[in-house]
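Asks: File start_24.cif follows (mmCIF, C-alpha atoms and all ligand atoms):
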data_my_file
#
loop_
_atom_site.label_atom_id
_atom_site.label_comp_id
_atom_site.auth_asym_id
_atom_site.auth_seq_id
_atom_site.Cartn_x
_atom_site.Cartn_y
_atom_site.Cartn_z
CA MET A 404 0.00 0.00 0.00
CA SER A 405 1.13 3.54 -0.66
CA ASN A 406 1.56 6.87 1.09
CA ILE A 407 -0.71 9.27 -0.76
CA VAL A 408 -0.42 12.98 -0.06
CA ILE A 409 -3.48 15.02 -1.01
CA GLY A 410 -3.45 18.82 -1.22
CA ILE A 411 -6.81 20.59 -1.16
CA SER A 412 -7.09 24.19 -2.32
CA SER A 413 -10.16 26.40 -2.16
CA GLY A 414 -12.02 25.47 -5.33
CA ILE A 415 -15.70 24.87 -4.80
CA ALA A 416 -15.07 21.18 -5.64
CA ALA A 417 -13.02 20.84 -2.43
CA PHE A 418 -16.01 19.12 -0.80
CA LYS A 419 -15.51 16.22 -3.27
CA SER A 420 -12.02 15.53 -1.89
CA LEU A 421 -13.68 13.85 1.09
CA ASP A 422 -15.03 11.16 -1.27
CA LEU A 423 -11.62 10.78 -2.93
CA ILE A 424 -9.95 10.36 0.46
CA LYS A 425 -12.59 7.80 1.55
CA LEU A 426 -12.14 5.77 -1.66
CA LEU A 427 -8.35 5.67 -1.35
CA LYS A 428 -8.49 4.90 2.38
CA LYS A 429 -10.84 1.97 1.65
CA ASP A 430 -8.08 0.41 -0.48
CA GLY A 431 -5.72 0.49 2.50
CA HIS A 432 -3.54 3.45 1.50
CA SER A 433 -2.18 5.88 4.11
CA LEU A 434 -3.55 9.35 3.41
CA TYR A 435 -1.78 12.56 4.44
CA VAL A 436 -3.81 15.68 3.74
CA MET A 437 -2.71 19.30 3.39
CA MET A 438 -5.07 22.24 2.88
CA THR A 439 -4.83 25.89 2.01
CA LYS A 440 -6.31 28.20 4.67
CA LYS A 441 -9.09 29.25 2.29
CA ALA A 442 -10.09 25.62 1.64
CA MET A 443 -11.21 25.47 5.30
CA HIS A 444 -14.23 27.57 4.24
CA ILE A 445 -15.39 24.65 2.09
CA VAL A 446 -14.28 21.49 3.86
CA SER A 447 -13.65 20.89 7.53
CA PRO A 448 -10.22 19.53 8.53
CA GLY A 449 -11.94 17.66 11.38
CA LYS A 450 -13.99 15.56 8.91
CA ILE A 451 -10.81 14.67 7.01
CA GLU A 452 -8.98 13.75 10.22
CA GLU A 453 -11.82 11.37 11.13
CA ILE A 454 -11.20 9.46 7.89
CA THR A 455 -7.41 9.53 7.69
CA GLY A 456 -6.56 9.32 11.38
CA TYR A 457 -3.84 11.96 10.89
CA PRO A 458 -3.85 15.72 11.49
CA VAL A 459 -4.42 17.89 8.42
CA PHE A 460 -1.45 20.12 7.58
CA ILE A 461 -2.42 23.75 7.06
CA ASP A 462 0.15 26.02 8.69
CA LEU A 463 3.88 25.72 8.19
CA PHE A 464 4.53 26.84 11.76
CA GLU A 465 2.64 25.27 14.68
CA ASP A 466 1.24 27.52 17.47
CA ASN A 467 3.80 26.23 19.95
CA PHE A 468 6.65 26.29 17.40
CA SER A 469 10.08 25.74 18.86
CA TYR A 470 13.20 25.83 16.73
CA GLU A 471 15.07 23.98 19.50
CA LYS A 472 12.71 21.02 19.02
CA ILE A 473 13.36 21.04 15.27
CA LEU A 474 17.12 21.16 15.73
CA LYS A 475 16.94 18.29 18.22
CA GLU A 476 14.58 16.04 16.25
CA LYS A 477 15.85 16.99 12.77
CA LYS A 478 12.30 16.71 11.44
CA ILE A 479 10.20 19.37 9.71
CA ASP A 480 6.64 18.39 8.75
CA HIS A 481 6.59 19.71 5.18
CA ILE A 482 9.91 17.99 4.38
CA GLU A 483 8.83 14.73 6.04
CA ILE A 484 5.61 14.71 4.00
CA ALA A 485 7.57 15.43 0.83
CA LYS A 486 9.90 12.48 1.55
CA LYS A 487 7.13 10.12 2.61
CA ALA A 488 4.88 10.62 -0.45
CA ASP A 489 4.64 7.90 -3.08
CA ILE A 490 2.46 10.38 -4.94
CA PHE A 491 1.45 14.00 -4.44
CA VAL A 492 -2.05 14.93 -5.63
CA ILE A 493 -3.58 18.41 -5.62
CA ALA A 494 -7.36 18.05 -5.95
CA PRO A 495 -8.91 20.43 -6.52
CA ALA A 496 -6.11 22.71 -7.71
CA THR A 497 -7.27 26.33 -7.90
CA ALA A 498 -5.92 28.74 -10.53
CA ASN A 499 -4.15 30.48 -7.64
CA THR A 500 -2.42 27.38 -6.26
CA ILE A 501 -1.44 26.34 -9.81
CA ALA A 502 0.10 29.80 -10.36
CA ARG A 503 2.01 29.67 -7.08
CA CYS A 504 3.38 26.19 -7.85
CA ALA A 505 4.39 27.27 -11.37
CA CYS A 506 6.33 30.23 -9.95
CA GLY A 507 7.96 28.24 -7.17
CA ILE A 508 6.25 30.40 -4.54
CA ALA A 509 6.36 28.59 -1.20
CA ASP A 510 4.01 30.52 1.09
CA ASP A 511 1.93 27.73 2.61
CA PHE A 512 2.15 24.03 3.45
CA ILE A 513 1.13 22.71 0.01
CA THR A 514 3.34 24.95 -2.10
CA THR A 515 6.35 24.53 0.19
CA SER A 516 6.20 20.75 0.41
CA ILE A 517 5.65 20.34 -3.34
CA LEU A 518 8.98 22.06 -3.92
CA ALA A 519 10.65 19.56 -1.62
CA THR A 520 9.31 16.39 -3.22
CA ILE A 521 10.77 14.24 -5.97
CA SER A 522 7.68 12.02 -6.01
CA PRO A 523 5.26 12.05 -8.95
CA VAL A 524 2.83 14.95 -8.79
CA LEU A 525 -0.73 14.90 -10.14
CA ILE A 526 -2.55 18.21 -10.49
CA CYS A 527 -6.34 18.15 -10.83
CA PRO A 528 -7.40 21.70 -11.80
CA SER A 529 -10.99 22.78 -11.24
CA MET A 530 -12.34 26.25 -11.89
CA ASN A 531 -14.70 28.45 -13.89
CA ASP A 532 -14.30 27.93 -17.67
CA LYS A 533 -13.01 31.48 -18.28
CA MET A 534 -10.40 31.03 -15.55
CA TRP A 535 -9.37 27.71 -17.19
CA HIS A 536 -9.01 29.27 -20.67
CA HIS A 537 -7.11 32.33 -19.38
CA PRO A 538 -3.63 32.40 -20.96
CA ALA A 539 -2.07 32.80 -17.49
CA THR A 540 -3.63 29.53 -16.30
CA GLN A 541 -2.72 27.70 -19.52
CA HIS A 542 0.84 29.06 -19.36
CA ASN A 543 1.19 27.99 -15.72
CA LEU A 544 -0.08 24.48 -16.50
CA LYS A 545 2.46 24.17 -19.34
CA THR A 546 5.15 25.22 -16.86
CA LEU A 547 4.02 22.56 -14.39
CA GLU A 548 4.12 19.97 -17.18
CA SER A 549 7.69 21.00 -17.93
CA TYR A 550 8.52 20.15 -14.28
CA GLY A 551 7.25 16.62 -14.96
CA TYR A 552 3.93 17.12 -13.14
CA GLU A 553 0.90 15.42 -14.65
CA ILE A 554 -2.20 17.47 -15.30
CA MET A 555 -5.67 15.98 -15.36
CA THR A 556 -7.88 17.85 -17.80
CA PRO A 557 -11.08 19.00 -16.03
CA ALA A 558 -14.44 17.62 -17.11
CA SER A 559 -17.03 19.69 -18.97
CA GLY A 560 -20.57 20.26 -17.80
CA SER A 561 -22.51 22.57 -15.53
CA LEU A 562 -20.25 24.59 -13.24
CA ALA A 563 -20.94 25.85 -9.72
CA CYS A 564 -21.12 29.43 -11.03
CA GLY A 565 -24.17 28.55 -13.15
CA THR A 566 -22.52 28.35 -16.59
CA ASP A 567 -21.79 25.33 -18.75
CA GLY A 568 -18.21 24.63 -19.79
CA ILE A 569 -14.90 23.03 -18.96
CA GLY A 570 -13.70 23.23 -15.35
CA ARG A 571 -15.39 20.52 -13.29
CA LEU A 572 -13.24 18.30 -11.10
CA PRO A 573 -13.30 14.87 -12.80
CA ASP A 574 -15.26 12.13 -11.05
CA VAL A 575 -13.30 10.99 -7.98
CA LYS A 576 -13.31 7.40 -9.33
CA VAL A 577 -11.51 8.66 -12.45
CA ILE A 578 -8.97 10.53 -10.29
CA LYS A 579 -8.44 7.37 -8.21
CA LYS A 580 -7.77 5.36 -11.41
CA TYR A 581 -5.18 7.93 -12.55
CA ILE A 582 -3.48 7.78 -9.14
CA GLU A 583 -3.37 3.97 -9.33
CA SER A 584 -1.88 4.04 -12.83
CA ILE A 585 0.90 6.37 -11.61
CA LEU A 586 1.55 4.20 -8.54
CA SER A 587 1.71 1.03 -10.65
CA ARG A 588 4.57 2.40 -12.78
CA LYS A 589 7.23 1.77 -10.17
CA LYS A 590 7.29 -1.97 -10.76
CA LEU A 591 7.74 -2.16 -14.54
CA PHE A 592 11.48 -1.32 -14.67
CA GLU A 593 12.40 -2.55 -11.17
CA GLY A 594 15.98 -3.90 -11.26
CA LYS A 595 16.54 -2.60 -14.81
CA LYS A 596 19.32 -0.29 -15.94
CA VAL A 597 18.29 2.24 -18.54
CA VAL A 598 20.58 4.55 -20.51
CA VAL A 599 19.08 7.60 -22.21
CA THR A 600 20.95 9.95 -24.54
CA GLY A 601 19.59 13.42 -25.21
CA GLY A 602 20.38 16.77 -26.80
CA GLY A 603 22.55 17.76 -29.72
CA THR A 604 26.29 17.20 -30.05
CA ILE A 605 28.58 20.22 -30.37
CA GLU A 606 31.51 20.02 -32.78
CA PRO A 607 34.02 22.87 -32.41
CA ILE A 608 35.19 24.80 -35.47
CA ASP A 609 37.61 26.93 -33.47
CA ASP A 610 37.78 28.07 -29.81
CA VAL A 611 34.60 30.14 -30.30
CA ARG A 612 32.42 28.70 -33.09
CA VAL A 613 30.68 25.34 -33.17
CA ILE A 614 28.49 23.14 -35.38
CA THR A 615 25.45 21.96 -33.51
CA ASN A 616 21.77 21.27 -34.15
CA ARG A 617 18.35 22.25 -32.87
CA SER A 618 17.83 19.34 -30.48
CA SER A 619 16.86 20.68 -27.04
CA GLY A 620 17.23 17.41 -25.12
CA LYS A 621 13.63 17.74 -23.80
CA MET A 622 12.57 14.34 -25.20
CA GLY A 623 15.64 12.67 -23.67
CA LYS A 624 15.01 14.31 -20.30
CA ALA A 625 11.35 13.23 -20.38
CA LEU A 626 12.33 9.62 -21.13
CA ALA A 627 15.03 9.61 -18.45
CA GLU A 628 12.54 10.93 -15.87
CA MET A 629 9.78 8.55 -16.95
CA ALA A 630 12.16 5.55 -16.89
CA TYR A 631 13.05 6.59 -13.31
CA ARG A 632 9.32 6.82 -12.48
CA TYR A 633 8.94 3.26 -13.80
CA GLY A 634 11.57 2.14 -11.26
CA ALA A 635 14.74 1.96 -13.40
CA GLU A 636 18.26 2.93 -12.44
CA VAL A 637 18.84 5.63 -15.04
CA THR A 638 21.98 7.04 -16.62
CA TYR A 639 21.26 10.16 -18.66
CA LEU A 640 23.95 11.14 -21.14
CA HIS A 641 23.00 14.69 -22.08
CA SER A 642 24.50 17.44 -24.18
CA LYS A 643 26.04 20.28 -22.17
CA THR A 644 23.29 22.65 -23.30
CA SER A 645 20.38 20.38 -22.28
CA GLN A 646 18.25 20.91 -19.20
CA ILE A 647 19.03 18.45 -16.43
CA SER A 648 16.58 16.71 -14.12
CA CYS A 649 16.19 17.19 -10.36
CA LEU A 650 15.39 13.48 -9.97
CA PRO A 651 18.08 11.10 -8.63
CA ILE A 652 19.31 10.11 -12.08
CA LYS A 653 23.00 9.74 -12.96
CA HIS A 654 23.76 12.70 -15.24
CA ILE A 655 26.82 12.68 -17.51
CA PRO A 656 27.33 15.61 -19.90
CA PHE A 657 28.89 15.34 -23.37
CA SER A 658 29.90 17.86 -25.95
CA THR A 659 31.18 16.20 -29.14
CA SER A 660 30.00 13.02 -30.85
CA ASP A 661 33.33 11.38 -29.91
CA GLU A 662 32.67 12.12 -26.23
CA LEU A 663 29.17 10.66 -26.48
CA SER A 664 30.59 7.58 -28.20
CA ASP A 665 33.12 7.04 -25.36
CA LEU A 666 30.42 7.52 -22.68
CA LEU A 667 28.15 5.00 -24.38
CA THR A 668 30.96 2.43 -24.49
CA GLN A 669 31.33 2.81 -20.71
CA SER A 670 27.60 2.83 -19.89
CA LEU A 671 26.07 0.24 -22.18
CA MET A 672 27.85 -2.92 -20.99
CA THR A 673 25.65 -3.41 -17.95
CA ALA A 674 22.48 -1.73 -19.27
CA ASP A 675 19.24 -3.47 -20.25
CA ILE A 676 17.59 -0.74 -22.33
CA VAL A 677 18.85 2.30 -24.25
CA PHE A 678 16.74 5.18 -25.56
CA HIS A 679 19.03 6.91 -28.06
CA THR A 680 17.33 10.28 -28.61
CA ALA A 681 20.51 12.37 -28.95
CA ALA A 682 20.88 14.23 -32.23
CA VAL A 683 24.43 13.27 -33.17
CA SER A 684 26.17 15.48 -35.68
CA ASP A 685 26.68 13.74 -39.03
CA PHE A 686 29.73 15.91 -39.54
CA THR A 687 32.71 17.20 -37.69
CA VAL A 688 35.46 19.63 -38.73
CA LYS A 689 39.16 19.73 -38.03
CA LYS A 690 39.33 22.13 -35.08
CA HIS A 691 41.34 25.31 -35.56
CA ASN A 692 43.20 26.41 -32.41
CA GLY A 693 42.37 29.97 -31.35
CA LYS A 694 39.81 32.09 -33.22
CA ILE A 695 39.59 32.05 -37.02
CA SER A 696 39.92 35.60 -38.34
CA SER A 697 36.72 37.17 -39.66
CA GLU A 698 38.69 39.37 -42.08
CA LYS A 699 38.31 36.93 -44.96
CA ASP A 700 36.16 34.04 -46.26
CA HIS A 701 36.86 30.44 -45.22
CA ASP A 702 35.80 27.03 -46.50
CA LEU A 703 34.68 24.46 -43.96
CA HIS A 704 35.51 20.86 -44.71
CA LEU A 705 32.80 18.67 -43.19
CA GLU A 706 34.01 15.18 -42.36
CA SER A 707 31.28 12.63 -41.77
CA THR A 708 31.22 11.06 -38.30
CA HIS A 709 30.64 7.36 -37.71
CA LYS A 710 27.06 6.32 -36.90
CA ILE A 711 27.08 5.91 -33.11
CA ILE A 712 23.77 4.04 -33.15
CA ASN A 713 25.31 1.28 -35.29
CA THR A 714 27.86 0.53 -32.54
CA ILE A 715 25.36 0.09 -29.69
CA LYS A 716 24.48 -3.58 -30.30
CA LYS A 717 28.18 -4.33 -30.93
CA ILE A 718 28.96 -3.10 -27.43
CA ASN A 719 26.04 -4.96 -25.83
CA PRO A 720 24.17 -7.35 -28.16
CA LYS A 721 21.55 -8.09 -25.49
CA ILE A 722 20.48 -4.49 -24.98
CA LEU A 723 17.04 -3.39 -26.14
CA LEU A 724 17.70 -0.50 -28.52
CA ILE A 725 15.12 2.18 -29.12
CA GLY A 726 16.40 4.56 -31.79
CA PHE A 727 14.97 7.93 -32.78
CA LYS A 728 14.76 9.25 -36.32
CA ALA A 729 13.90 12.75 -37.53
CA VAL A 730 11.85 12.65 -40.74
CA SER A 731 10.08 15.37 -42.70
CA MET A 732 6.57 13.96 -43.18
CA ARG A 733 5.31 17.01 -45.10
CA HIS A 734 5.05 15.19 -48.42
CA SER A 735 3.11 12.23 -47.08
CA GLU A 736 -0.05 11.41 -49.01
CA GLY A 737 -2.75 9.40 -47.26
CA GLU A 738 -2.55 6.67 -44.64
CA THR A 739 -0.95 3.86 -46.69
CA THR A 740 1.76 6.05 -48.16
CA GLU A 741 2.52 7.48 -44.73
CA ARG A 742 2.85 3.99 -43.22
CA SER A 743 5.12 2.66 -45.98
CA ARG A 744 7.21 5.83 -45.80
CA LEU A 745 7.70 5.38 -42.03
CA ILE A 746 8.73 1.77 -42.57
CA ASN A 747 11.18 2.76 -45.34
CA GLU A 748 12.68 5.56 -43.25
CA SER A 749 13.19 3.21 -40.28
CA HIS A 750 14.57 0.36 -42.38
CA LYS A 751 18.23 1.46 -42.13
CA LEU A 752 18.11 1.58 -38.33
CA PHE A 753 16.68 -1.94 -38.20
CA LYS A 754 19.21 -3.23 -40.75
CA ASP A 755 22.44 -1.43 -39.76
CA ALA A 756 21.88 -0.73 -36.04
CA HIS A 757 19.65 -3.77 -35.29
CA ALA A 758 17.30 -1.41 -33.47
CA ASP A 759 14.35 -3.07 -31.77
CA TYR A 760 12.08 -0.04 -32.19
CA VAL A 761 12.40 3.21 -34.11
CA ILE A 762 10.59 6.31 -32.93
CA VAL A 763 9.96 8.65 -35.85
CA ASN A 764 9.59 12.40 -35.22
CA ASP A 765 8.11 14.66 -37.85
CA ILE A 766 10.48 17.62 -38.21
CA SER A 767 8.37 19.47 -40.78
CA ARG A 768 5.96 20.75 -38.10
CA LYS A 769 6.77 23.83 -36.03
CA ASP A 770 4.45 22.94 -33.13
CA ILE A 771 6.23 19.71 -32.19
CA GLY A 772 9.72 18.22 -32.01
CA PHE A 773 12.87 20.36 -31.84
CA GLU A 774 12.78 22.96 -29.02
CA SER A 775 9.05 22.38 -28.42
CA SER A 776 7.68 20.91 -25.18
CA ASP A 777 5.25 18.81 -27.24
CA ASN A 778 5.77 15.97 -29.64
CA GLU A 779 3.85 13.59 -31.88
CA VAL A 780 5.63 10.38 -32.84
CA TYR A 781 5.25 7.07 -34.62
CA ILE A 782 6.61 3.88 -33.05
CA VAL A 783 7.80 1.47 -35.71
CA SER A 784 8.65 -2.07 -34.64
CA LYS A 785 10.85 -4.67 -36.35
CA ASP A 786 7.78 -6.57 -37.54
CA LYS A 787 6.64 -3.40 -39.36
CA LYS A 788 3.86 -2.48 -36.97
CA VAL A 789 3.30 1.27 -36.80
CA LYS A 790 1.71 3.01 -33.82
CA LYS A 791 0.97 6.73 -33.89
CA ILE A 792 1.19 8.62 -30.60
CA GLU A 793 -0.90 11.77 -30.98
CA LYS A 794 0.43 15.21 -30.03
CA ALA A 795 1.03 15.59 -26.29
CA SER A 796 3.65 16.91 -23.87
CA LYS A 797 7.01 15.13 -24.18
CA MET A 798 6.45 13.65 -20.71
CA LYS A 799 3.15 12.07 -21.86
CA ILE A 800 4.80 10.87 -25.09
CA ALA A 801 7.60 9.29 -23.00
CA ASP A 802 4.99 7.55 -20.83
CA LYS A 803 3.11 6.24 -23.88
CA ILE A 804 6.30 4.99 -25.58
CA ILE A 805 7.25 3.03 -22.45
CA ARG A 806 3.72 1.66 -22.00
CA TYR A 807 3.45 0.61 -25.67
CA ILE A 808 6.82 -1.12 -25.81
CA PHE A 809 6.99 -2.71 -22.37
CA LYS A 810 3.41 -3.49 -21.33
C1 LIG A 901 -17.45 30.32 -3.54
C2 LIG A 901 -16.11 30.34 -4.20
C3 LIG A 901 -15.78 29.32 -5.08
C4 LIG A 901 -14.55 29.31 -5.71
N1 LIG A 901 -14.25 28.28 -6.58
C5 LIG A 901 -13.05 28.27 -7.21
C6 LIG A 901 -12.73 27.21 -8.09
O1 LIG A 901 -13.49 26.28 -8.32
N2 LIG A 901 -11.51 27.24 -8.69
C7 LIG A 901 -10.60 28.25 -8.47
O2 LIG A 901 -9.54 28.22 -9.06
N3 LIG A 901 -10.90 29.25 -7.62
C8 LIG A 901 -12.10 29.29 -6.98
N4 LIG A 901 -12.39 30.31 -6.13
C9 LIG A 901 -11.39 31.36 -5.90
C10 LIG A 901 -10.33 30.90 -4.92
O3 LIG A 901 -10.91 30.52 -3.70
C11 LIG A 901 -9.33 32.02 -4.72
O4 LIG A 901 -8.66 32.30 -5.92
C12 LIG A 901 -8.37 31.76 -3.61
O5 LIG A 901 -7.51 32.88 -3.47
C13 LIG A 901 -7.54 30.54 -3.86
O6 LIG A 901 -6.71 30.30 -2.75
P1 LIG A 901 -5.95 28.92 -2.51
O7 LIG A 901 -5.40 28.52 -3.84
O8 LIG A 901 -4.90 29.25 -1.52
O9 LIG A 901 -6.92 27.95 -1.96
C14 LIG A 901 -13.61 30.34 -5.46
C15 LIG A 901 -13.95 31.35 -4.57
C16 LIG A 901 -15.19 31.37 -3.96
C17 LIG A 901 -15.53 32.50 -3.02
#
Translate this file's structure into structure tokens.
Ligand SMILES: Cc1cc2nc3c(=O)[nH]c(=O)nc-3n(C[C@H](O)[C@H](O)[C@H](O)COP(=O)(O)O)c2cc1C
Replies:
Amino acid sequence: MSNIVIGISSGIAAFKSLDLIKLLKKDGHSLYVMMTKKAMHIVSPGKIEEITGYPVFIDLFEDNFSYEKILKEKKIDHIEIAKKADIFVIAPATANTIARCACGIADDFITTSILATISPVLICPSMNDKMWHHPATQHNLKTLESYGYEIMTPASGSLACGTDGIGRLPDVKVIKKYIESILSRKKLFEGKKVVVTGGGTIEPIDDVRVITNRSSGKMGKALAEMAYRYGAEVTYLHSKTSQISCLPIKHIPFSTSDELSDLLTQSLMTADIVFHTAAVSDFTVKKHNGKISSEKDHDLHLESTHKIINTIKKINPKILLIGFKAVSMRHSEGETTERSRLINESHKLFKDAHADYVIVNDISRKDIGFESSDNEVYIVSKDKKVKKIEKASKMKIADKIIRYIFK
């Protein structure tokens, strides 16, 4: 059974959290509840305490606060809760609490402890439809997604304010199912070692200029974090310019394709699975020491690099290799053509790299892929099955890739 931490903010749907808590408690989970001060207008902490058997956390500082006690016991409630949680759920999440979490504001129990947790976080927004559609709310939710938090889209229907629209807290049974699916992840990769590569390589031209590419490393980071969520021991080989994760993942930076190649040789021997999302430069140049003068024109001689992906199975033939391929799908015509095109484009990776799966990204679209937080991909398997994963945040795409391949 799990330790479930529930945060309740002052949306009108706060009264429904009692049912959520009852449902989860019935399954034998331990429930730890935090509330904003304003949520006390809607739901009584006493009623929650009767169900959970634990005090509800509202204030960061108790009435009889003593720093001597803290220093002696080395325990602070909001940090203990953050450590204890197998999952953190905010239901309902008001526009205000969402905004505070997105900004890293830590001015109450919920927003402070959420900063201190590395557990999965599920946000269940609920509000008036205009508040939901407001660009500030949408921007804040995107920010939370970029932190790896999962957002449950509210239901549509009649709202407490008398209008019809999106903004209702989803049925508590649906929320419970989502919580269970997050909790069940842990077991899938238990005991497995996963290597993820991400970001673009950087080949120096001289001491100042470089050849690189548009890969942001966001897809690699999402896969590394999701593999960790599924219980794997993760090594993330990331380009120096990529964002790193705050999860306990082994991070190793690389710059050039040669550096990445060396790191892979060291990491792959004992690994079970590799997600090779890094955009490796196809070319390098002979580096000029110092800074090339800008006074005149220069020719660059591009030397092709060796295909790192083709060496992976030579280093560890037993590893499960998931390769990534950037393809411009713009000229696709109809379903059949699209499918055969995807299979043709992936063929080389199956033949030369012995990849087990190829994930194809469409680089012709501006709203997904490079630099974007969203993606839409096709999973092509060796037996020529093609699965399309519709546009979603890279975290959701990572989750769906893992579920499709490993479940
Ligand atoms: C009757 C009433 C209902 C409210 N319902 C919601 C709601 O469903 N969602 C929301 O985001 N804010 C709602 N609000 C506004 C929040 O309570 C308000 O923004 C508050 O500052 C949020 O504080 P908290 O996030 O600390 O709980 C409601 C306010 C009132 C008076």
Asks: If you measure from CA of Tyr457 in chain A to CA of Ser433 in chain A, what distance in Å do you get, rounded to one decimal?
Replies: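 Between CA of Tyr457 in chain A and CA of Ser433 in chain A the gap is 9.3 Å.
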Asks: Got a sec: who's within 12 Å of range 568-573 of chain A, counting all atoms listed in the file, leaving out chain neighbours fewer than 2 positions off, as a ChimeraX atom specification?
Replies: /A:414-420,423,493-498,526-537,540,554-566,575-581
Asks: Could you list, as a ChimeraX atom specification, every residue within 6 Å of range 692-707 of chain A, counting only C-alpha atoms and ignoring same-chain residues fewer than 5 positions away?
Replies: /A:609-610,685-687
Asks: Could you pull the residues within 6 Å of range 663-679 of chain A, counting all atoms listed in the file, minus those fewer than 2 positions along the same chain, as a VMD selection string?
Replies: chain A and resid 596 to 600 657 660 to 661 681 719 722 to 726
Asks: Those same residues - C-alpha atoms - I'd like them written as a CSV table (one decimal), in the frame of the given file.
Replies:
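Okay, this is what ended up in result-v2.csv:
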chain,number,residue,atom,x,y,z
A,596,LYS,CA,19.3,-0.3,-15.9
A,597,VAL,CA,18.3,2.2,-18.5
A,598,VAL,CA,20.6,4.6,-20.5
A,599,VAL,CA,19.1,7.6,-22.2
A,600,THR,CA,21.0,10.0,-24.5
A,657,PHE,CA,28.9,15.3,-23.4
A,660,SER,CA,30.0,13.0,-30.8
A,661,ASP,CA,33.3,11.4,-29.9
A,681,ALA,CA,20.5,12.4,-29.0
A,719,ASN,CA,26.0,-5.0,-25.8
A,722,ILE,CA,20.5,-4.5,-25.0
A,723,LEU,CA,17.0,-3.4,-26.1
A,724,LEU,CA,17.7,-0.5,-28.5
A,725,ILE,CA,15.1,2.2,-29.1
A,726,GLY,CA,16.4,4.6,-31.8
Asks: CA of Asp462 in chain A and CA of Ile521 in chain A, how far apart in Å?
Replies: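 Between CA of Ile521 in chain A and CA of Asp462 in chain A the gap works out to 21.6 Å.
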Asks: Compare A:Thr708, A:Thr439, A:Ser658, A:Thr520 by their minimum atom-to-atom distance to ligand LIG 901 (chain A), counting all atoms listed in the file, and give me the closest one.
Replies: A:Thr439
Asks: Nearest to ligand LIG 901 (chain A) among A:Glu483, A:Asp574, A:Asp567, A:Asp510, with distances taken over all atoms listed in the file: which residue is it?
Replies: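 Closest residue, counting all atoms listed in the file: A:Asp510.
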Asks: Taking 5 positions as the minimum chain separation for residues in the same chain, which residues sit within 7 Å of Val730 in chain A when counting only C-alpha atoms? Answer as a PyMOL selection string.
Replies: chain A and resi 763-766
Asks: Quick one: residues within 7 Å of Asp489 in chain A, all atoms listed in the file, excluding same-chain residues fewer than 5 positions away - as an MDAnalysis selection string?
Replies: chainID A and resid 405:407 522
Asks: Mind listing as a PDB file with C-alpha atoms, in the frame of the given file all residues within 6 Å of (22.3, 11.5, -21.0), counting all atoms listed in the file?
Replies:
ATOM      1  CA  VAL A 599      19.080   7.600 -22.210  1.00  0.00           C
ATOM      2  CA  THR A 600      20.950   9.950 -24.540  1.00  0.00           C
ATOM      3  CA  GLY A 601      19.590  13.420 -25.210  1.00  0.00           C
ATOM      4  CA  TYR A 639      21.260  10.160 -18.660  1.00  0.00           C
ATOM      5  CA  LEU A 640      23.950  11.140 -21.140  1.00  0.00           C
ATOM      6  CA  HIS A 641      23.000  14.690 -22.080  1.00  0.00           C
ATOM      7  CA  ILE A 655      26.820  12.680 -17.510  1.00  0.00           C
TER       8      ILE A 655
END
Asks: Hey, which of A:Ala625, A:Ile508, A:Ile771, A:Ile808 ends up closest to Lys794 in chain A? Count all atoms listed in the file.
Replies: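 Closest to Lys794 in chain A, using all atoms listed in the file: A:Ile771.
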Asks: Can you work out which one of A:Lys787, A:Lys487, A:Arg806, A:Arg503 has the shortest atom-to-atom distance to ligand LIG 901 (chain A), counting only C-alpha atoms and all ligand atoms?
Replies: A:Arg503
Asks: Can you sort out range 575-580 of chain A so it carries N, CA, C and O atoms, written as a PDB file, keeping the file's coordinate frame?
Replies:
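File result_7.pdb, as written:
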ATOM      1  N   VAL A 575     -14.377  11.440  -8.881  1.00  0.00           N
ATOM      2  CA  VAL A 575     -13.300  10.990  -7.980  1.00  0.00           C
ATOM      3  C   VAL A 575     -12.832   9.570  -8.326  1.00  0.00           C
ATOM      4  O   VAL A 575     -11.679   9.217  -8.104  1.00  0.00           O
ATOM      5  N   LYS A 576     -13.722   8.760  -8.923  1.00  0.00           N
ATOM      6  CA  LYS A 576     -13.310   7.400  -9.330  1.00  0.00           C
ATOM      7  C   LYS A 576     -12.279   7.484 -10.465  1.00  0.00           C
ATOM      8  O   LYS A 576     -11.369   6.664 -10.547  1.00  0.00           O
ATOM      9  N   VAL A 577     -12.458   8.474 -11.337  1.00  0.00           N
ATOM     10  CA  VAL A 577     -11.510   8.660 -12.450  1.00  0.00           C
ATOM     11  C   VAL A 577     -10.161   9.151 -11.897  1.00  0.00           C
ATOM     12  O   VAL A 577      -9.093   8.710 -12.328  1.00  0.00           O
ATOM     13  N   ILE A 578     -10.219  10.042 -10.908  1.00  0.00           N
ATOM     14  CA  ILE A 578      -8.970  10.530 -10.290  1.00  0.00           C
ATOM     15  C   ILE A 578      -8.257   9.354  -9.616  1.00  0.00           C
ATOM     16  O   ILE A 578      -7.046   9.179  -9.742  1.00  0.00           O
ATOM     17  N   LYS A 579      -9.024   8.529  -8.915  1.00  0.00           N
ATOM     18  CA  LYS A 579      -8.440   7.370  -8.210  1.00  0.00           C
ATOM     19  C   LYS A 579      -7.727   6.452  -9.220  1.00  0.00           C
ATOM     20  O   LYS A 579      -6.616   5.987  -8.974  1.00  0.00           O
ATOM     21  N   LYS A 580      -8.363   6.235 -10.363  1.00  0.00           N
ATOM     22  CA  LYS A 580      -7.770   5.360 -11.410  1.00  0.00           C
ATOM     23  C   LYS A 580      -6.434   5.943 -11.888  1.00  0.00           C
ATOM     24  O   LYS A 580      -5.465   5.218 -12.096  1.00  0.00           O
TER      25      LYS A 580
END
